[in-house]
>>> print(open('target_20.cif').read())   # mmCIF, C-alpha atoms
data_target
loop_
_atom_site.group_PDB
_atom_site.id
_atom_site.type_symbol
_atom_site.label_atom_id
_atom_site.label_comp_id
_atom_site.auth_asym_id
_atom_site.auth_seq_id
_atom_site.Cartn_x
_atom_site.Cartn_y
_atom_site.Cartn_z
ATOM 1 C CA MET K 1 0.000 0.000 0.000
ATOM 2 C CA GLN K 2 1.226 3.489 -0.854
ATOM 3 C CA LYS K 3 2.310 5.509 2.150
ATOM 4 C CA GLN K 4 -0.019 8.366 3.006
ATOM 5 C CA ILE K 5 0.476 12.019 3.876
ATOM 6 C CA ILE K 6 -1.590 13.214 6.845
ATOM 7 C CA THR K 7 -2.225 16.804 7.870
ATOM 8 C CA ILE K 8 -3.594 17.847 11.245
ATOM 9 C CA ALA K 9 -5.459 21.166 10.967
ATOM 10 C CA GLY K 10 -5.302 22.617 14.455
ATOM 11 C CA GLY K 11 -2.012 20.790 14.904
ATOM 12 C CA GLY K 12 -1.087 22.727 18.042
ATOM 13 C CA SER K 13 -3.992 21.190 19.960
ATOM 14 C CA THR K 14 -3.332 19.023 22.987
ATOM 15 C CA TYR K 15 -5.508 16.365 21.290
ATOM 16 C CA THR K 16 -2.922 15.943 18.510
ATOM 17 C CA PRO K 17 -0.767 13.296 20.260
ATOM 18 C CA GLY K 18 -3.830 11.055 20.647
ATOM 19 C CA ILE K 19 -4.626 11.298 16.940
ATOM 20 C CA ILE K 20 -1.007 10.619 16.031
ATOM 21 C CA GLN K 21 -0.855 7.634 18.397
ATOM 22 C CA ALA K 22 -3.910 6.139 16.669
ATOM 23 C CA VAL K 23 -2.210 6.704 13.304
ATOM 24 C CA LEU K 24 0.976 5.041 14.535
ATOM 25 C CA ASN K 25 -1.002 2.104 15.923
ATOM 26 C CA GLY K 26 -2.524 1.572 12.467
ATOM 27 C CA GLN K 27 0.702 1.600 10.425
ATOM 28 C CA GLU K 28 0.085 -1.914 9.075
ATOM 29 C CA ARG K 29 -3.318 -0.920 7.664
ATOM 30 C CA LEU K 30 -2.539 2.694 6.775
ATOM 31 C CA PRO K 31 1.195 3.356 6.429
ATOM 32 C CA VAL K 32 2.206 7.010 6.714
ATOM 33 C CA SER K 33 5.238 8.704 5.179
ATOM 34 C CA GLU K 34 4.593 12.258 6.379
ATOM 35 C CA ILE K 35 2.687 14.078 9.111
ATOM 36 C CA ARG K 36 2.061 17.805 8.752
ATOM 37 C CA LEU K 37 0.965 20.090 11.563
ATOM 38 C CA TYR K 38 -1.010 23.127 10.417
ATOM 39 C CA ASP K 39 -2.060 25.799 12.884
ATOM 40 C CA ILE K 40 -2.589 29.552 12.802
ATOM 41 C CA GLU K 41 -0.788 29.808 16.169
ATOM 42 C CA ALA K 42 2.863 29.183 15.299
ATOM 43 C CA SER K 43 4.070 28.842 18.903
ATOM 44 C CA ARG K 44 1.536 26.108 19.743
ATOM 45 C CA ASN K 45 2.438 24.333 16.514
ATOM 46 C CA GLU K 46 6.155 24.521 17.331
ATOM 47 C CA ASN K 47 5.587 23.090 20.793
ATOM 48 C CA MET K 48 3.496 20.220 19.442
ATOM 49 C CA PHE K 49 6.138 19.557 16.778
ATOM 50 C CA LEU K 50 8.708 18.927 19.534
ATOM 51 C CA ILE K 51 6.359 16.603 21.409
ATOM 52 C CA LEU K 52 5.533 14.589 18.282
ATOM 53 C CA GLN K 53 9.156 14.465 17.192
ATOM 54 C CA TYR K 54 9.974 12.867 20.538
ATOM 55 C CA MET K 55 6.996 10.469 20.221
ATOM 56 C CA LEU K 56 8.072 9.328 16.750
ATOM 57 C CA GLU K 57 11.676 8.777 17.854
ATOM 58 C CA GLN K 58 10.712 6.897 21.015
ATOM 59 C CA GLN K 59 8.382 4.544 19.144
ATOM 60 C CA GLY K 60 10.773 3.819 16.276
ATOM 61 C CA PHE K 61 8.998 5.935 13.642
ATOM 62 C CA SER K 62 11.732 8.492 13.010
ATOM 63 C CA SER K 63 11.516 7.704 9.269
ATOM 64 C CA ILE K 64 8.125 9.465 9.165
ATOM 65 C CA LYS K 65 8.706 13.028 8.017
ATOM 66 C CA LEU K 66 7.263 15.608 10.421
ATOM 67 C CA VAL K 67 6.459 19.131 9.209
ATOM 68 C CA GLN K 68 5.050 22.189 10.975
ATOM 69 C CA THR K 69 3.583 25.124 9.072
ATOM 70 C CA THR K 70 1.191 28.064 9.159
ATOM 71 C CA ASN K 71 1.020 28.041 5.340
ATOM 72 C CA PRO K 72 -2.099 26.274 3.944
ATOM 73 C CA GLU K 73 -0.440 25.497 0.612
ATOM 74 C CA GLU K 74 2.428 23.706 2.337
ATOM 75 C CA ALA K 75 0.046 22.001 4.755
ATOM 76 C CA PHE K 76 -2.413 20.555 2.262
ATOM 77 C CA THR K 77 -0.708 20.070 -1.120
ATOM 78 C CA GLY K 78 -0.606 16.350 -1.825
ATOM 79 C CA ALA K 79 -2.178 15.352 1.501
ATOM 80 C CA ASN K 80 -4.311 12.202 1.509
ATOM 81 C CA PHE K 81 -6.092 12.702 4.846
ATOM 82 C CA ILE K 82 -6.741 15.878 6.806
ATOM 83 C CA PHE K 83 -7.829 15.750 10.435
ATOM 84 C CA SER K 84 -9.684 18.967 11.291
ATOM 85 C CA GLN K 85 -9.754 19.844 14.978
ATOM 86 C CA ILE K 86 -9.799 23.619 14.961
ATOM 87 C CA ARG K 87 -11.209 25.496 17.957
ATOM 88 C CA VAL K 88 -12.188 28.972 16.805
ATOM 89 C CA GLY K 89 -11.676 31.413 19.671
ATOM 90 C CA GLY K 90 -9.703 28.923 21.729
ATOM 91 C CA LEU K 91 -10.575 27.828 25.240
ATOM 92 C CA LYS K 92 -11.311 31.414 26.336
ATOM 93 C CA MET K 93 -14.303 31.553 24.007
ATOM 94 C CA ARG K 94 -15.388 28.048 25.007
ATOM 95 C CA GLU K 95 -15.519 29.272 28.592
ATOM 96 C CA LYS K 96 -17.754 32.165 27.536
ATOM 97 C CA ASP K 97 -19.948 29.834 25.461
ATOM 98 C CA GLU K 98 -20.558 27.742 28.556
ATOM 99 C CA LYS K 99 -20.754 30.428 31.274
ATOM 100 C CA ILE K 100 -22.910 33.088 29.603
ATOM 101 C CA PRO K 101 -25.945 30.781 29.176
ATOM 102 C CA LEU K 102 -25.514 29.533 32.776
ATOM 103 C CA LYS K 103 -25.965 33.116 34.008
ATOM 104 C CA HIS K 104 -29.447 32.926 32.491
ATOM 105 C CA GLY K 105 -30.241 29.457 33.800
ATOM 106 C CA LEU K 106 -29.578 27.712 30.499
ATOM 107 C CA VAL K 107 -27.166 24.965 29.518
ATOM 108 C CA GLY K 108 -24.186 26.100 27.466
ATOM 109 C CA GLN K 109 -21.908 23.418 26.124
ATOM 110 C CA GLU K 110 -19.721 23.219 23.015
ATOM 111 C CA THR K 111 -21.992 20.804 21.136
ATOM 112 C CA CYS K 112 -25.511 21.704 22.265
ATOM 113 C CA GLY K 113 -27.697 24.466 23.611
ATOM 114 C CA LEU K 114 -26.822 28.129 23.332
ATOM 115 C CA GLY K 115 -23.126 27.459 23.889
ATOM 116 C CA GLY K 116 -23.028 25.003 21.005
ATOM 117 C CA PHE K 117 -25.004 27.354 18.781
ATOM 118 C CA SER K 118 -22.633 30.231 19.557
ATOM 119 C CA TYR K 119 -19.579 28.053 18.948
ATOM 120 C CA GLY K 120 -21.088 26.740 15.725
ATOM 121 C CA LEU K 121 -21.768 30.198 14.326
ATOM 122 C CA ARG K 122 -18.237 31.303 15.234
ATOM 123 C CA SER K 123 -16.707 28.185 13.618
ATOM 124 C CA ILE K 124 -18.536 28.123 10.286
ATOM 125 C CA GLY K 125 -16.525 30.853 8.522
ATOM 126 C CA PRO K 126 -13.040 29.648 9.479
ATOM 127 C CA LEU K 127 -13.924 26.014 8.752
ATOM 128 C CA LEU K 128 -15.314 26.922 5.324
ATOM 129 C CA GLU K 129 -12.073 28.803 4.668
ATOM 130 C CA LEU K 130 -10.115 25.708 5.714
ATOM 131 C CA VAL K 131 -12.160 23.445 3.431
ATOM 132 C CA GLY K 132 -11.615 25.948 0.614
ATOM 133 C CA PHE K 133 -7.846 25.611 1.075
ATOM 134 C CA ILE K 134 -8.180 21.827 1.047
ATOM 135 C CA GLN K 135 -10.252 21.900 -2.139
ATOM 136 C CA LYS K 136 -7.647 24.131 -3.764
ATOM 137 C CA TYR K 137 -4.522 22.220 -2.704
ATOM 138 C CA ALA K 138 -5.753 18.648 -2.093
ATOM 139 C CA PRO K 139 -9.118 18.125 -3.822
ATOM 140 C CA GLU K 140 -8.901 14.314 -3.548
ATOM 141 C CA ALA K 141 -8.114 14.294 0.168
ATOM 142 C CA TRP K 142 -10.480 12.942 2.791
ATOM 143 C CA ILE K 143 -11.305 15.284 5.668
ATOM 144 C CA LEU K 144 -11.900 13.659 9.044
ATOM 145 C CA ASN K 145 -13.667 16.391 10.990
ATOM 146 C CA TYR K 146 -13.443 16.568 14.771
ATOM 147 C CA THR K 147 -14.428 20.245 14.889
ATOM 148 C CA ASN K 148 -17.559 20.805 16.971
ATOM 149 C CA PRO K 149 -20.472 21.235 16.856
ATOM 150 C CA GLU K 150 -20.404 18.699 14.064
ATOM 151 C CA THR K 151 -24.035 18.945 12.937
ATOM 152 C CA ILE K 152 -23.926 22.700 12.311
ATOM 153 C CA ILE K 153 -20.427 22.463 10.817
ATOM 154 C CA SER K 154 -21.204 19.554 8.504
ATOM 155 C CA GLU K 155 -24.374 21.202 7.188
ATOM 156 C CA ALA K 156 -22.532 24.443 6.424
ATOM 157 C CA VAL K 157 -19.761 22.531 4.639
ATOM 158 C CA ARG K 158 -22.271 20.410 2.691
ATOM 159 C CA ARG K 159 -24.044 23.529 1.427
ATOM 160 C CA GLN K 160 -20.828 25.272 0.367
ATOM 161 C CA PHE K 161 -18.969 22.175 -0.884
ATOM 162 C CA PRO K 162 -21.593 19.522 -1.783
ATOM 163 C CA GLY K 163 -19.040 17.116 -3.273
ATOM 164 C CA ILE K 164 -16.557 17.275 -0.408
ATOM 165 C CA ARG K 165 -15.039 14.069 0.921
ATOM 166 C CA MET K 166 -15.655 14.631 4.615
ATOM 167 C CA ILE K 167 -16.498 12.311 7.483
ATOM 168 C CA ASN K 168 -17.538 13.801 10.825
ATOM 169 C CA VAL K 169 -16.006 11.933 13.737
ATOM 170 C CA CYS K 170 -17.053 11.939 17.380
ATOM 171 C CA ASP K 171 -15.447 9.730 20.003
ATOM 172 C CA MET K 172 -17.996 10.618 22.683
ATOM 173 C CA THR K 173 -20.485 7.877 21.773
ATOM 174 C CA ILE K 174 -17.813 5.185 21.745
ATOM 175 C CA GLY K 175 -16.442 6.483 25.044
ATOM 176 C CA ILE K 176 -19.892 6.325 26.655
ATOM 177 C CA GLU K 177 -20.432 2.798 25.327
ATOM 178 C CA ASP K 178 -17.052 1.703 26.702
ATOM 179 C CA THR K 179 -17.849 3.221 30.097
ATOM 180 C CA LEU K 180 -21.229 1.469 30.229
ATOM 181 C CA ALA K 181 -19.691 -1.845 29.198
ATOM 182 C CA LYS K 182 -16.978 -1.571 31.838
ATOM 183 C CA ASN K 183 -19.266 -0.436 34.656
ATOM 184 C CA TYR K 184 -21.989 -3.009 33.974
ATOM 185 C CA GLY K 185 -19.766 -5.951 33.033
ATOM 186 C CA TYR K 186 -20.630 -6.215 29.337
ATOM 187 C CA ASP K 187 -18.267 -7.951 26.942
ATOM 188 C CA ARG K 188 -17.490 -4.909 24.756
ATOM 189 C CA ASP K 189 -16.322 -7.042 21.813
ATOM 190 C CA ASN K 190 -19.697 -8.790 21.573
ATOM 191 C CA TRP K 191 -21.983 -5.999 22.651
ATOM 192 C CA VAL K 192 -23.849 -3.960 20.059
ATOM 193 C CA ALA K 193 -25.663 -0.921 21.326
ATOM 194 C CA THR K 194 -29.034 -0.076 19.778
ATOM 195 C CA TYR K 195 -30.515 3.406 19.803
#
>>> encode(input="target_20.cif", output="structure tokens")
Amino acid sequence: MQKQIITIAGGGSTYTPGIIQAVLNGQERLPVSEIRLYDIEASRNENMFLILQYMLEQQGFSSIKLVQTTNPEEAFTGANFIFSQIRVGGLKMREKDEKIPLKHGLVGQETCGLGGFSYGLRSIGPLLELVGFIQKYAPEAWILNYTNPETIISEAVRRQFPGIRMINVCDMTIGIEDTLAKNYGYDRDNWVATY
């Protein structure tokens, strides 16, 4: 199988090592030749680059090329898969999204309620810009979107880019299922949840 190029949009995020570890764990099924970190905050990207460089060396993957950039052309040209995990406004705005509704007795969280709606509206423009860069520099790439709130984001992207190759990913459901299985003694490998 041809080795793949992966870009992490929002590469400076503290979630990046977890994504990279999953990629490294799947090298037999999806071999990777290059990992690119793309972030608009250069200092966060530089810090994450050092962490991932250490991770790759420690796990015997130093042959994987690691790149950090704030340039979308460099980040996306020739990429096969792009993981999008941008957080528009950072954690400071997430705090506001959650605390402002609480002042009025309403739930505010990043994926639902007024907090989710606020976060969604703030995220649409920058995510559409990101997808535009991807369409320009890597039109055949698959986007794996972790950016919340996924429903609002995916609908905006679908309307602007109806032919986009994008899968929205959420680990929350799987995490809840694993917690239930562990706490109630279910065999997770043979348990299928129905909704």
>>> residues_around(input="target_20.cif", residues="Ile82 (chain K)", least_positions_apart="4", cutoff="6 Å", atoms="all atoms listed in the file", output="number ranges by chain")
K: 6-8, 143
>>> closest_residue(input="target_20.cif", among="K:Arg158, K:Ile5, K:Gly11, K:Arg188", to="Ser84 (chain K)", atoms="only C-alpha atoms")
K:Gly11
>>> residues_around(input="target_20.cif", residues="Glu150 (chain K)", least_positions_apart="6", cutoff="10 Å", atoms="all atoms listed in the file", output="PyMOL selection string")
chain K and resi 111+116+120+156+167-170
>>> write_last_selection(input="target_20.cif", atoms="C-alpha atoms", output="PDB file, in the frame of the given file")
ATOM      1  CA  THR K 111     -21.992  20.804  21.136  1.00  0.00           C
ATOM      2  CA  GLY K 116     -23.028  25.003  21.005  1.00  0.00           C
ATOM      3  CA  GLY K 120     -21.088  26.740  15.725  1.00  0.00           C
ATOM      4  CA  ALA K 156     -22.532  24.443   6.424  1.00  0.00           C
ATOM      5  CA  ILE K 167     -16.498  12.311   7.483  1.00  0.00           C
ATOM      6  CA  ASN K 168     -17.538  13.801  10.825  1.00  0.00           C
ATOM      7  CA  VAL K 169     -16.006  11.933  13.737  1.00  0.00           C
ATOM      8  CA  CYS K 170     -17.053  11.939  17.380  1.00  0.00           C
TER       9      CYS K 170
END
>>> atom_distance(input="target_20.cif", atom1="CA of Leu114 (chain K)", atom2="CA of Leu102 (chain K)")
9.6 Å
>>> resolve_selection(input="target_20.cif", expression="the PyMOL selection byres ((chain K and resi 21) around 12)", output="list of chain:residue names")
K:Tyr15, K:Thr16, K:Pro17, K:Gly18, K:Ile19, K:Ile20, K:Ala22, K:Val23, K:Leu24, K:Asn25, K:Gly26, K:Gln27, K:Ile35, K:Ile51, K:Leu52, K:Met55, K:Leu56, K:Gln58, K:Gln59, K:Phe61
>>> atom_distance(input="target_20.cif", atom1="CA of Ala42 (chain K)", atom2="CA of Arg94 (chain K)")
20.7 Å
